[in-house]
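Structure below is work26.cif: mmCIF, C-alpha atoms and all ligand atoms.
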data_start
loop_
_atom_site.label_atom_id
_atom_site.label_comp_id
_atom_site.auth_asym_id
_atom_site.auth_seq_id
_atom_site.Cartn_x
_atom_site.Cartn_y
_atom_site.Cartn_z
CA MET A 1 33.51 16.10 -9.71
CA SER A 2 30.80 13.53 -8.97
CA GLU A 3 27.29 14.67 -8.35
CA GLN A 4 25.36 13.91 -5.17
CA ASN A 5 24.46 10.24 -5.06
CA HIS A 6 20.99 9.70 -3.63
CA GLU A 7 20.94 5.93 -3.95
CA PRO A 8 21.01 4.24 -0.54
CA VAL A 9 24.22 2.74 0.79
CA ILE A 10 23.78 -1.00 1.24
CA VAL A 11 25.02 -2.53 4.50
CA VAL A 12 25.42 -6.28 4.10
CA GLY A 13 27.02 -9.34 5.72
CA HIS A 14 28.39 -12.49 4.11
CA ARG A 15 26.75 -15.20 2.00
CA ASN A 16 24.81 -17.86 3.90
CA PRO A 17 24.30 -15.28 6.61
CA ASP A 18 24.62 -16.15 10.27
CA ASN A 19 23.05 -14.14 13.06
CA ASP A 20 26.09 -11.83 13.33
CA SER A 21 25.87 -10.96 9.63
CA ILE A 22 22.18 -10.12 9.93
CA CYS A 23 22.24 -8.22 13.24
CA SER A 24 25.49 -6.34 12.60
CA ALA A 25 24.10 -5.09 9.29
CA VAL A 26 20.89 -3.97 11.01
CA GLY A 27 22.76 -2.32 13.90
CA TYR A 28 25.37 -0.64 11.73
CA ALA A 29 22.86 0.68 9.16
CA HIS A 30 20.97 2.20 12.08
CA LEU A 31 24.10 3.85 13.51
CA LYS A 32 25.13 5.24 10.11
CA THR A 33 21.64 6.66 9.60
CA LEU A 34 21.88 8.45 12.95
CA LEU A 35 25.35 9.81 12.16
CA ASP A 36 24.60 10.79 8.55
CA PRO A 37 20.87 11.48 8.15
CA SER A 38 21.31 12.93 4.65
CA THR A 39 22.13 9.47 3.26
CA ALA A 40 19.96 6.36 3.37
CA TYR A 41 21.70 3.29 4.79
CA VAL A 42 19.85 0.05 4.21
CA ALA A 43 20.64 -3.30 5.83
CA MET A 44 20.32 -6.25 3.44
CA ARG A 45 21.17 -9.98 3.48
CA LEU A 46 22.55 -12.58 1.10
CA GLY A 47 20.42 -15.59 1.99
CA PRO A 48 17.70 -17.00 4.21
CA MET A 49 17.18 -15.68 7.73
CA PRO A 50 18.71 -17.91 10.43
CA HIS A 51 15.99 -19.02 12.87
CA GLU A 52 17.49 -17.06 15.76
CA SER A 53 17.65 -13.90 13.62
CA SER A 54 13.96 -14.17 12.74
CA TYR A 55 13.27 -14.73 16.40
CA VAL A 56 15.17 -11.67 17.60
CA LEU A 57 13.96 -9.28 14.87
CA ASP A 58 10.35 -10.42 15.38
CA ARG A 59 10.67 -10.03 19.12
CA PHE A 60 11.95 -6.46 18.87
CA GLY A 61 9.73 -5.45 15.97
CA ILE A 62 12.44 -4.80 13.41
CA PRO A 63 11.73 -5.69 9.77
CA TYR A 64 13.92 -8.37 8.17
CA PRO A 65 16.64 -6.98 5.92
CA PRO A 66 15.59 -7.61 2.31
CA VAL A 67 17.52 -10.09 0.18
CA LEU A 68 20.21 -8.58 -2.03
CA THR A 69 20.78 -10.54 -5.24
CA HIS A 70 23.70 -8.56 -6.72
CA VAL A 71 25.38 -5.14 -6.73
CA HIS A 72 25.97 -4.81 -10.44
CA SER A 73 24.90 -1.35 -11.56
CA ARG A 74 21.30 -1.41 -12.76
CA VAL A 75 19.38 0.67 -15.25
CA CYS A 76 17.70 2.53 -12.37
CA ASP A 77 21.12 3.52 -11.01
CA ALA A 78 21.96 5.37 -14.23
CA MET A 79 18.69 6.46 -15.85
CA THR A 80 17.31 9.98 -15.77
CA PRO A 81 14.11 9.45 -13.80
CA HIS A 82 10.72 11.17 -14.20
CA PRO A 83 10.86 11.87 -17.94
CA LEU A 84 8.62 14.66 -19.18
CA GLN A 85 5.48 13.14 -20.64
CA ILE A 86 2.83 14.37 -23.03
CA ALA A 87 -0.57 12.91 -23.91
CA LYS A 88 -0.77 11.27 -27.33
CA ASP A 89 -3.60 13.55 -28.45
CA ALA A 90 -1.69 16.73 -27.55
CA THR A 91 -0.65 18.76 -30.60
CA MET A 92 2.78 18.85 -32.13
CA ARG A 93 2.85 22.54 -31.24
CA GLU A 94 2.44 21.69 -27.56
CA ALA A 95 5.15 19.05 -27.85
CA GLY A 96 7.53 21.49 -29.54
CA GLU A 97 6.90 24.14 -26.91
CA MET A 98 7.52 21.65 -24.13
CA LEU A 99 10.81 20.55 -25.64
CA ARG A 100 11.94 24.16 -26.04
CA ARG A 101 10.76 25.33 -22.63
CA HIS A 102 12.56 22.51 -20.80
CA ASN A 103 15.49 22.50 -23.20
CA ILE A 104 15.36 18.72 -23.55
CA ARG A 105 15.65 16.31 -26.45
CA THR A 106 12.94 13.79 -25.75
CA LEU A 107 9.33 13.64 -24.62
CA VAL A 108 7.62 10.45 -23.59
CA VAL A 109 4.18 10.06 -25.16
CA ARG A 110 1.53 8.34 -23.08
CA ASP A 111 -2.09 7.26 -23.56
CA GLU A 112 -5.11 8.09 -21.43
CA ALA A 113 -4.21 5.35 -18.93
CA GLY A 114 -0.68 6.71 -18.58
CA HIS A 115 0.92 3.84 -20.52
CA TYR A 116 3.92 4.45 -22.68
CA CYS A 117 3.17 4.79 -26.44
CA GLY A 118 6.38 6.14 -27.94
CA ILE A 119 8.61 9.20 -28.00
CA ILE A 120 8.72 12.55 -29.74
CA ASP A 121 12.16 14.08 -29.89
CA THR A 122 13.97 16.97 -31.47
CA THR A 123 14.90 14.70 -34.39
CA THR A 124 11.20 14.30 -35.19
CA PHE A 125 10.93 18.07 -35.65
CA ALA A 126 14.23 18.39 -37.47
CA ASN A 127 13.11 15.83 -40.03
CA LEU A 128 9.83 17.63 -40.59
CA TYR A 129 11.56 20.94 -41.27
CA LEU A 130 14.21 19.38 -43.44
CA ALA A 131 11.44 17.99 -45.61
CA GLU A 132 10.09 21.54 -46.04
CA LEU A 133 13.33 22.78 -47.56
CA ASP A 134 12.33 21.17 -50.85
CA ASP A 135 9.42 23.55 -51.27
CA ALA A 136 10.01 26.75 -49.38
CA ALA A 137 6.84 28.37 -50.65
CA ALA A 138 4.53 25.76 -49.22
CA ALA A 139 6.58 25.48 -46.05
CA ALA A 140 4.75 27.95 -43.83
CA GLN A 141 1.42 26.42 -44.63
CA THR A 142 2.63 22.84 -44.15
CA ARG A 143 4.22 23.73 -40.85
CA PHE A 144 1.01 25.25 -39.63
CA ALA A 145 -0.93 22.12 -40.52
CA THR A 146 1.71 19.88 -38.96
CA LEU A 147 1.78 21.72 -35.68
CA ALA A 148 -1.99 21.33 -35.32
CA GLN A 149 -1.80 17.54 -35.65
CA PRO A 150 -1.66 15.20 -32.64
CA VAL A 151 1.71 13.82 -31.56
CA SER A 152 0.35 10.31 -32.12
CA ALA A 153 0.70 10.96 -35.87
CA PHE A 154 4.48 11.43 -35.60
CA LEU A 155 5.62 9.39 -32.65
CA THR A 156 8.55 7.06 -32.76
CA THR A 157 7.56 3.67 -31.45
CA ASP A 158 10.77 1.71 -31.99
CA ALA A 159 12.77 3.12 -29.08
CA PRO A 160 14.20 0.22 -27.04
CA THR A 161 12.53 -0.31 -23.68
CA LEU A 162 14.21 -1.51 -20.49
CA ASP A 163 13.32 -2.62 -16.99
CA ALA A 164 14.64 -0.56 -14.07
CA GLU A 165 16.28 -3.67 -12.59
CA ASP A 166 18.08 -4.66 -15.81
CA ILE A 167 21.84 -4.90 -15.45
CA LEU A 168 23.40 -1.74 -16.82
CA ASN A 169 26.17 -3.43 -18.79
CA GLU A 170 23.59 -5.38 -20.76
CA ALA A 171 21.37 -2.33 -21.23
CA ARG A 172 24.41 -0.44 -22.50
CA GLU A 173 24.58 -2.73 -25.55
CA THR A 174 20.92 -2.07 -26.28
CA VAL A 175 21.30 1.70 -26.12
CA LEU A 176 24.48 1.77 -28.17
CA ALA A 177 22.92 -0.46 -30.81
CA SER A 178 19.87 1.78 -31.17
CA SER A 179 19.88 4.57 -33.76
CA LEU A 180 17.87 6.63 -31.26
CA ARG A 181 20.79 6.50 -28.80
CA GLN A 182 18.42 6.18 -25.89
CA ALA A 183 16.01 3.75 -24.29
CA VAL A 184 12.81 4.19 -22.31
CA VAL A 185 12.57 2.55 -18.89
CA LEU A 186 9.15 1.08 -18.11
CA ASP A 187 7.65 -0.14 -14.85
CA GLY A 188 5.58 -3.30 -14.44
CA GLU A 189 2.45 -1.51 -15.64
CA GLY A 190 4.07 -0.28 -18.84
CA CYS A 191 4.45 3.32 -17.68
CA ALA A 192 7.64 5.22 -18.45
CA ILE A 193 9.68 5.91 -15.33
CA GLY A 194 12.96 6.96 -16.87
CA ILE A 195 15.09 7.49 -19.92
CA LEU A 196 18.55 6.04 -20.38
CA THR A 197 20.77 8.03 -22.71
CA ARG A 198 24.39 7.74 -23.77
CA THR A 199 25.16 10.60 -21.40
CA ASP A 200 23.68 8.61 -18.53
CA LEU A 201 25.82 5.63 -19.53
CA ALA A 202 28.97 7.75 -19.60
CA ARG A 203 28.51 8.57 -15.91
CA SER A 204 28.68 4.82 -15.11
CA PRO A 205 27.42 5.03 -11.54
CA ARG A 206 28.54 2.41 -9.03
CA ARG A 207 26.47 1.09 -6.16
CA ARG A 208 27.82 1.79 -2.69
CA VAL A 209 28.25 -1.03 -0.22
CA ILE A 210 29.41 -1.37 3.39
CA LEU A 211 30.62 -4.89 4.16
CA VAL A 212 30.10 -6.22 7.66
CA ASP A 213 31.28 -9.56 9.10
CA HIS A 214 33.38 -10.38 6.00
CA ASN A 215 36.01 -8.73 3.82
CA GLU A 216 36.67 -11.36 1.16
CA SER A 217 35.18 -11.22 -2.30
CA SER A 218 34.42 -14.97 -2.25
CA GLN A 219 31.99 -14.39 0.62
CA ALA A 220 30.60 -11.16 -0.76
CA VAL A 221 27.59 -10.34 -2.89
CA SER A 222 27.77 -11.00 -6.61
CA GLY A 223 29.02 -7.97 -8.57
CA ILE A 224 31.13 -6.66 -5.68
CA LEU A 225 34.04 -5.81 -8.00
CA GLU A 226 31.74 -3.45 -9.90
CA ALA A 227 30.56 -1.69 -6.75
CA ASP A 228 32.17 0.90 -4.49
CA VAL A 229 32.99 -0.66 -1.15
CA VAL A 230 32.81 2.43 1.05
CA GLU A 231 33.47 0.81 4.46
CA MET A 232 34.27 -2.55 6.03
CA VAL A 233 33.63 -3.66 9.60
CA ASP A 234 34.84 -7.16 10.38
CA HIS A 235 36.44 -9.55 12.86
CA HIS A 236 37.79 -12.10 10.36
CA ARG A 237 41.24 -12.30 8.80
CA ILE A 238 41.98 -9.62 6.24
CA GLY A 239 40.97 -10.76 2.79
CA ASP A 240 41.25 -9.54 -0.77
CA ILE A 241 38.81 -6.67 -1.26
CA GLN A 242 40.57 -3.79 -3.01
CA THR A 243 39.38 -0.21 -3.19
CA ALA A 244 40.34 2.78 -5.37
CA THR A 245 40.48 5.21 -2.45
CA PRO A 246 41.09 4.93 1.30
CA ILE A 247 38.00 3.87 3.24
CA PRO A 248 37.16 3.32 6.90
CA PHE A 249 38.15 -0.32 7.48
CA ILE A 250 37.67 -1.50 11.04
CA ASN A 251 39.11 -4.95 11.62
CA LEU A 252 39.43 -6.12 15.23
CA PRO A 253 39.96 -9.55 16.77
CA LEU A 254 36.77 -9.46 18.84
CA GLY A 255 34.23 -12.24 19.31
CA SER A 256 31.68 -10.78 16.91
CA THR A 257 31.26 -8.03 14.35
CA ALA A 258 28.41 -6.83 16.55
CA SER A 259 31.01 -6.10 19.25
CA ILE A 260 32.81 -3.76 16.84
CA VAL A 261 29.52 -2.15 15.83
CA ALA A 262 28.63 -1.63 19.49
CA SER A 263 32.07 -0.08 20.05
CA GLU A 264 31.37 2.31 17.18
CA TYR A 265 28.19 3.49 18.91
CA GLU A 266 30.30 4.27 21.97
CA ARG A 267 33.15 5.85 20.00
CA ASN A 268 30.67 8.19 18.31
CA GLY A 269 28.90 9.01 21.57
CA VAL A 270 25.62 7.53 20.33
CA ALA A 271 23.50 6.14 23.17
CA PHE A 272 22.13 2.63 22.57
CA GLU A 273 18.39 2.36 22.11
CA PRO A 274 17.24 -0.75 24.02
CA THR A 275 16.03 -2.41 20.80
CA TYR A 276 19.33 -2.07 18.99
CA ALA A 277 21.26 -2.99 22.14
CA ALA A 278 19.25 -6.25 22.13
CA ILE A 279 19.95 -6.90 18.44
CA LEU A 280 23.69 -6.38 18.89
CA LEU A 281 23.72 -8.46 22.07
CA ALA A 282 21.98 -11.29 20.18
CA ALA A 283 24.74 -11.36 17.57
CA LEU A 284 27.47 -11.12 20.19
CA LEU A 285 25.96 -14.08 22.10
CA THR A 286 25.47 -16.37 19.12
CA ASP A 287 28.86 -15.62 17.53
CA THR A 288 30.68 -16.28 20.83
CA VAL A 289 28.39 -19.22 21.78
CA LEU A 290 27.23 -17.43 24.92
CA LEU A 291 30.67 -15.88 25.50
CA LYS A 292 32.24 -19.34 25.76
CA SER A 293 34.01 -19.68 22.42
CA PRO A 294 37.81 -19.23 22.52
CA THR A 295 37.41 -16.12 20.34
CA THR A 296 35.68 -14.28 23.19
CA THR A 297 37.67 -11.36 24.59
CA ALA A 298 37.44 -9.29 27.77
CA ARG A 299 36.03 -6.50 25.60
CA ASP A 300 33.19 -8.80 24.48
CA HIS A 301 32.31 -9.51 28.11
CA GLU A 302 32.34 -5.79 28.87
CA LEU A 303 30.10 -5.00 25.89
CA ALA A 304 27.71 -7.86 26.68
CA GLU A 305 27.36 -6.37 30.14
CA THR A 306 26.61 -2.87 28.79
CA LEU A 307 24.24 -4.12 26.09
CA SER A 308 22.25 -6.42 28.38
CA ARG A 309 21.90 -3.65 30.97
CA THR A 310 20.66 -1.21 28.30
CA ALA A 311 18.30 -3.76 26.77
CA GLY A 312 17.04 -4.89 30.17
CA LEU A 313 17.94 -8.51 29.38
CA ASP A 314 19.76 -11.22 31.25
CA ALA A 315 22.48 -12.28 28.81
CA GLN A 316 22.45 -15.99 29.70
CA THR A 317 18.65 -16.29 29.58
CA PHE A 318 18.47 -14.30 26.35
CA GLY A 319 21.28 -16.38 24.84
CA ARG A 320 19.48 -19.58 25.74
CA GLU A 321 16.31 -18.28 24.08
CA LEU A 322 18.30 -17.51 20.93
CA PHE A 323 19.76 -20.99 20.75
CA GLU A 324 16.36 -22.52 21.50
CA ALA A 325 15.01 -20.53 18.55
CA ARG A 326 17.89 -21.81 16.40
CA PHE A 327 17.33 -25.42 17.47
CA ALA A 328 13.55 -25.21 17.21
CA GLY A 329 14.09 -25.22 13.45
CA GLN A 330 15.96 -28.55 13.66
CA ASP A 331 14.55 -31.94 12.76
CA GLY A 332 14.59 -33.76 16.10
CA SER A 333 13.86 -37.22 14.65
CA VAL A 334 16.53 -39.91 14.94
CA GLU A 335 17.40 -39.52 11.26
CA GLY A 336 17.45 -35.76 11.61
CA ILE A 337 19.80 -35.95 14.59
CA VAL A 338 22.19 -38.36 12.86
CA LEU A 339 22.09 -37.10 9.29
CA ALA A 340 21.41 -33.33 9.37
CA ASP A 341 25.09 -32.50 9.83
CA SER A 342 27.16 -35.60 9.12
CA LYS A 343 30.59 -35.91 7.56
CA VAL A 344 32.49 -38.93 6.33
CA TYR A 345 36.27 -39.00 6.81
CA GLN A 346 38.84 -41.24 5.13
CA ARG A 347 41.67 -42.70 7.17
CA GLY A 348 43.94 -45.03 5.25
CA ASP A 349 41.65 -47.55 3.60
CA THR A 350 38.89 -47.19 6.17
CA SER A 351 36.26 -44.51 6.60
CA PHE A 352 34.23 -43.25 9.50
CA MET A 353 31.36 -40.85 10.00
CA VAL A 354 31.03 -38.05 12.53
CA SER A 355 27.73 -36.21 12.98
CA GLN A 356 26.99 -33.28 15.21
CA PHE A 357 23.70 -32.14 16.67
CA GLU A 358 23.61 -29.04 18.85
CA THR A 359 20.97 -28.72 21.51
CA VAL A 360 19.97 -26.99 24.72
CA ASN A 361 17.71 -29.93 25.54
CA MET A 362 20.07 -32.84 26.19
CA ASP A 363 17.54 -34.87 28.18
CA GLY A 364 15.04 -34.80 25.33
CA ILE A 365 17.64 -36.08 22.88
CA LEU A 366 19.04 -38.74 25.23
CA ALA A 367 15.57 -40.17 25.69
CA GLN A 368 16.09 -41.44 22.13
CA GLU A 369 19.63 -42.73 22.71
CA ARG A 370 18.77 -46.41 22.05
CA GLU A 371 17.10 -45.55 18.74
CA ILE A 372 20.01 -43.34 17.73
CA ALA A 373 22.49 -46.14 18.51
CA ARG A 374 20.43 -48.65 16.53
CA PHE A 375 20.25 -46.31 13.54
CA LEU A 376 24.03 -45.76 13.72
CA ASP A 377 24.66 -49.48 13.88
CA GLU A 378 22.64 -50.00 10.75
CA LEU A 379 24.55 -47.19 8.97
CA VAL A 380 27.91 -48.70 9.91
CA HIS A 381 26.88 -52.05 8.41
CA ARG A 382 25.29 -50.62 5.32
CA LYS A 383 28.16 -48.21 4.51
CA GLY A 384 31.05 -50.30 5.81
CA TYR A 385 32.34 -47.59 8.18
CA GLU A 386 34.93 -48.46 10.80
CA PHE A 387 32.64 -46.60 13.20
CA ALA A 388 30.04 -43.86 13.39
CA LEU A 389 30.04 -41.16 16.04
CA VAL A 390 27.31 -38.66 16.89
CA LEU A 391 28.18 -35.66 19.02
CA ILE A 392 25.15 -34.39 20.88
CA THR A 393 26.57 -31.02 21.83
CA ASP A 394 25.07 -29.06 24.71
CA ILE A 395 26.34 -25.52 24.50
CA MET A 396 24.97 -24.68 27.96
CA LYS A 397 26.71 -27.61 29.65
CA GLU A 398 29.74 -27.06 27.41
CA GLY A 399 30.33 -30.58 26.28
CA SER A 400 29.12 -33.38 24.05
CA GLN A 401 27.55 -36.76 24.58
CA PHE A 402 29.36 -39.20 22.28
CA ILE A 403 27.14 -41.94 20.87
CA THR A 404 28.92 -44.51 18.73
CA ALA A 405 28.49 -47.73 16.76
CA GLY A 406 30.91 -50.07 14.98
CA SER A 407 34.47 -50.34 16.30
CA PRO A 408 35.08 -47.04 18.09
CA GLN A 409 38.45 -47.92 19.70
CA LEU A 410 39.96 -44.98 17.81
CA VAL A 411 37.51 -42.66 19.57
CA GLU A 412 38.36 -44.07 23.00
CA ARG A 413 42.09 -43.77 22.28
CA SER A 414 41.93 -40.26 20.79
CA PHE A 415 39.90 -38.78 23.62
CA ASN A 416 41.20 -41.05 26.37
CA ILE A 417 37.65 -42.00 27.34
CA HIS A 418 35.84 -45.19 28.20
CA LEU A 419 32.62 -45.77 26.26
CA VAL A 420 29.82 -47.52 28.13
CA ASP A 421 27.41 -49.17 25.71
CA GLY A 422 29.14 -47.07 23.03
CA SER A 423 28.35 -43.82 24.82
CA ALA A 424 30.14 -41.24 27.00
CA TRP A 425 29.86 -37.60 28.09
CA VAL A 426 32.97 -35.65 27.05
CA PRO A 427 33.24 -32.23 28.67
CA GLY A 428 34.69 -29.29 26.75
CA ILE A 429 34.07 -30.76 23.29
CA LEU A 430 32.03 -28.24 21.27
CA SER A 431 33.57 -28.20 17.79
CA ARG A 432 33.76 -31.16 15.42
CA LYS A 433 35.97 -29.21 13.06
CA LYS A 434 38.44 -27.90 15.63
CA GLN A 435 38.36 -30.51 18.39
CA VAL A 436 37.16 -33.82 17.01
CA ALA A 437 38.15 -34.37 13.40
CA PRO A 438 41.83 -33.38 13.84
CA ARG A 439 42.27 -35.74 16.82
CA LEU A 440 40.71 -38.68 14.99
CA LEU A 441 42.72 -38.07 11.84
CA ASP A 442 46.05 -37.48 13.60
CA GLN A 443 46.07 -40.89 15.30
MN MN B 501 30.81 -12.92 12.86
#

Let me see the structure of the file written as structure tokens.
Amino acid sequence: MSEQNHEPVIVVGHRNPDNDSICSAVGYAHLKTLLDPSTAYVAMRLGPMPHESSYVLDRFGIPYPPVLTHVHSRVCDAMTPHPLQIAKDATMREAGEMLRRHNIRTLVVRDEAGHYCGIIDTTTFANLYLAELDDAAAAAQTRFATLAQPVSAFLTTDAPTLDAEDILNEARETVLASSLRQAVVLDGEGCAIGILTRTDLARSPRRRVILVDHNESSQAVSGILEADVVEMVDHHRIGDIQTATPIPFINLPLGSTASIVASEYERNGVAFEPTYAAILLAALLTDTVLLKSPTTTARDHELAETLSRTAGLDAQTFGRELFEARFAGQDGSVEGIVLADSKVYQRGDTSFMVSQFETVNMDGILAQEREIARFLDELVHRKGYEFALVLITDIMKEGSQFITAGSPQLVERSFNIHLVDGSAWVPGILSRKKQVAPRLLDQ
């Protein structure tokens, strides 16, 4: 029914990729390539590399997945590549013989430098012979003269031209509007690399995509509804992606997509290479915040153990290095600490601000505590907040230093803590969204 598709299958995580989306795509593309060497599986990404992902891929010598801008079908997905070409000073006889020998309709005509000049097609010949019908006697002689002339004398130069990356639906209009019923696809140098005909358009090829770490169209690459989703591997709630046929869809409540990918290596009896074990471990550790997040399962612990043994890494040390890499990209100035991730909440007719700054270097941050408090105080006065709260979250120590300004009685009441000079260490508080905002707003 459908012919063999040689285009690579794209393996991609969600928009604004996190480390799990990057590393799971890399690890799963690698596994698929091992299991199915006849198909190319290519990991890609939908945004900038997180710092810890750059760190881990650099460290293990794996190239960054390229950025994927969309999965709409492109001209290169549908075109007939490598069109037969003929030099512009070749004779019409040579052109005619080439068309007949290869049983094709169109020849691309090129100049000495290989650049596209125009086309010669069967219509060109048909028109010549039709013209001869008027004077049958002179025909043989005319034909002889014609066939000796160069193709440059007869070429059609008004064929539409396209770029290989053009979106197919837009190119379709161009081809259908053209009396030639085809378009020539040129590369950046102006050389013909394909022809797009109505027959090519009728096949309407779809790009093939494997989604990892997401299964909702709102988080997926642009054009996803036009593509064939051929697999999904995810640990989030089941979303809205629909498919025309059944596909492998692995959805498990584990701490990371990388945990599911690692399980797939085991299920398929594929031994982990140390490099890929490290990549998967990196994603497992960041997604579970060093196996401490409430989403972490016994299976995640078991896999972290296996992966770190295979990679020859100590999970805690490696995890710390990953978070250091993530935080090294932060702005550690007072303003950076307070404003990089701040949110303002409304409560009745008052408002308050809560910022969060994650670190593995609490001492370094607390050395600036006075300056942070002063800056907060100024913000409270300038913006009229009831209070401002900064959470300096230490994921290793599993808690947050609260630094406040204004009238933070609500904070003391909500967390049952006593602030000293507006400050207190609160163990167990890691998430503003899950643990801090709801408590402050429920009071
Ligand atoms: Mn994830």

Give me, as a ChimeraX atom specification, all polymer residues having an atom no more than 9 Å from stretch 205-212 of chain A, counting all atoms listed in the file and skipping those fewer than 3 positions away in the same chain. /A:5,7-14,20-21,24-25,28-29,71-74,77-78,200-202,215,220,224,226-235,257

How would the residues just chosen look if you wrote them out with C-alpha atoms as a tab-separated table (two decimals), in the coordinates of the input?
chain	number	residue	atom	x	y	z
A	5	ASN	CA	24.46	10.24	-5.06
A	7	GLU	CA	20.94	5.93	-3.95
A	8	PRO	CA	21.01	4.24	-0.54
A	9	VAL	CA	24.22	2.74	0.79
A	10	ILE	CA	23.78	-1.00	1.24
A	11	VAL	CA	25.02	-2.53	4.50
A	12	VAL	CA	25.42	-6.28	4.10
A	13	GLY	CA	27.02	-9.34	5.72
A	14	HIS	CA	28.39	-12.49	4.11
A	20	ASP	CA	26.09	-11.83	13.33
A	21	SER	CA	25.87	-10.96	9.63
A	24	SER	CA	25.49	-6.34	12.60
A	25	ALA	CA	24.10	-5.09	9.29
A	28	TYR	CA	25.37	-0.64	11.73
A	29	ALA	CA	22.86	0.68	9.16
A	71	VAL	CA	25.38	-5.14	-6.73
A	72	HIS	CA	25.97	-4.81	-10.44
A	73	SER	CA	24.90	-1.35	-11.56
A	74	ARG	CA	21.30	-1.41	-12.76
A	77	ASP	CA	21.12	3.52	-11.01
A	78	ALA	CA	21.96	5.37	-14.23
A	200	ASP	CA	23.68	8.61	-18.53
A	201	LEU	CA	25.82	5.63	-19.53
A	202	ALA	CA	28.97	7.75	-19.60
A	215	ASN	CA	36.01	-8.73	3.82
A	220	ALA	CA	30.60	-11.16	-0.76
A	224	ILE	CA	31.13	-6.66	-5.68
A	226	GLU	CA	31.74	-3.45	-9.90
A	227	ALA	CA	30.56	-1.69	-6.75
A	228	ASP	CA	32.17	0.90	-4.49
A	229	VAL	CA	32.99	-0.66	-1.15
A	230	VAL	CA	32.81	2.43	1.05
A	231	GLU	CA	33.47	0.81	4.46
A	232	MET	CA	34.27	-2.55	6.03
A	233	VAL	CA	33.63	-3.66	9.60
A	234	ASP	CA	34.84	-7.16	10.38
A	235	HIS	CA	36.44	-9.55	12.86
A	257	THR	CA	31.26	-8.03	14.35

Show which residues sit within 10 Å of A:Asn268, as a PyMOL selection string. Count all atoms listed in the file, and ignore same-chain residues fewer than 3 positions away. chain A and resi 31+35+263-265+271

Distance of atom CA of A:Gly27 from atom CA of A:Gly312, expressed in Å to one decimal place: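 So the two atoms, atom CA of A:Gly312 and atom CA of A:Gly27, lie 17.4 Å apart.
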
Show me, as JSON, numbers by chain, the residues that have an atom within 12 Å of A:Arg198 when counting only C-alpha atoms, minus same-chain residues fewer than 2 positions from it. {"A": [78, 79, 80, 168, 171, 172, 173, 174, 175, 176, 177, 178, 179, 180, 181, 182, 183, 195, 196, 200, 201, 202, 203, 204]}

How many Å separate atom CA of A:Ser423 from atom CA of A:Phe357?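 Interatomic distance here is 15.0 Å.
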
Long-range neighbours of A:Tyr345 as a PyMOL selection string, 9 Å cut-off, all atoms listed in the file, 5 positions minimum in chain: chain A and resi 350-354+437+441

When you count only C-alpha atoms, which of these residues is closest to A:Thr317: A:Val344, A:Ala277, A:Met396, A:Ala424?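 Looking only at the distances to A:Thr317, the closest residue turns out to be A:Met396.
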
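Pairwise distance (atom CA of A:Asn127, atom CA of A:Thr146) equals 12.1 Å.
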
With distances taken over all atoms listed in the file, which residue among A:Asp158, A:Ile417, A:Asp349, A:Ile279 lies nearest A:His30? A:Ile279

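Proximity to A:Gly399 was assessed for A:Lys292, A:Arg59, A:Arg382, A:His115 counting all atoms listed in the file; the smallest distance is recorded for A:Lys292.
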
Nearest to A:Lys434: which of A:Gly422, A:Pro83, A:Gly118, A:Pro294 is it, counting all atoms listed in the file?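 Among the listed residues, A:Pro294 lies closest to A:Lys434.
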
As lines of an AutoDock Vina configuration file, what would the box around stretch 51-65 of chain A look like: edges along x, y and z, 3 Å added on every side, centre and edge lengths in Å to one decimal?
center_x = 13.7
center_y = -11.9
center_z = 12.5
size_x = 13.9
size_y = 20.2
size_z = 19.2
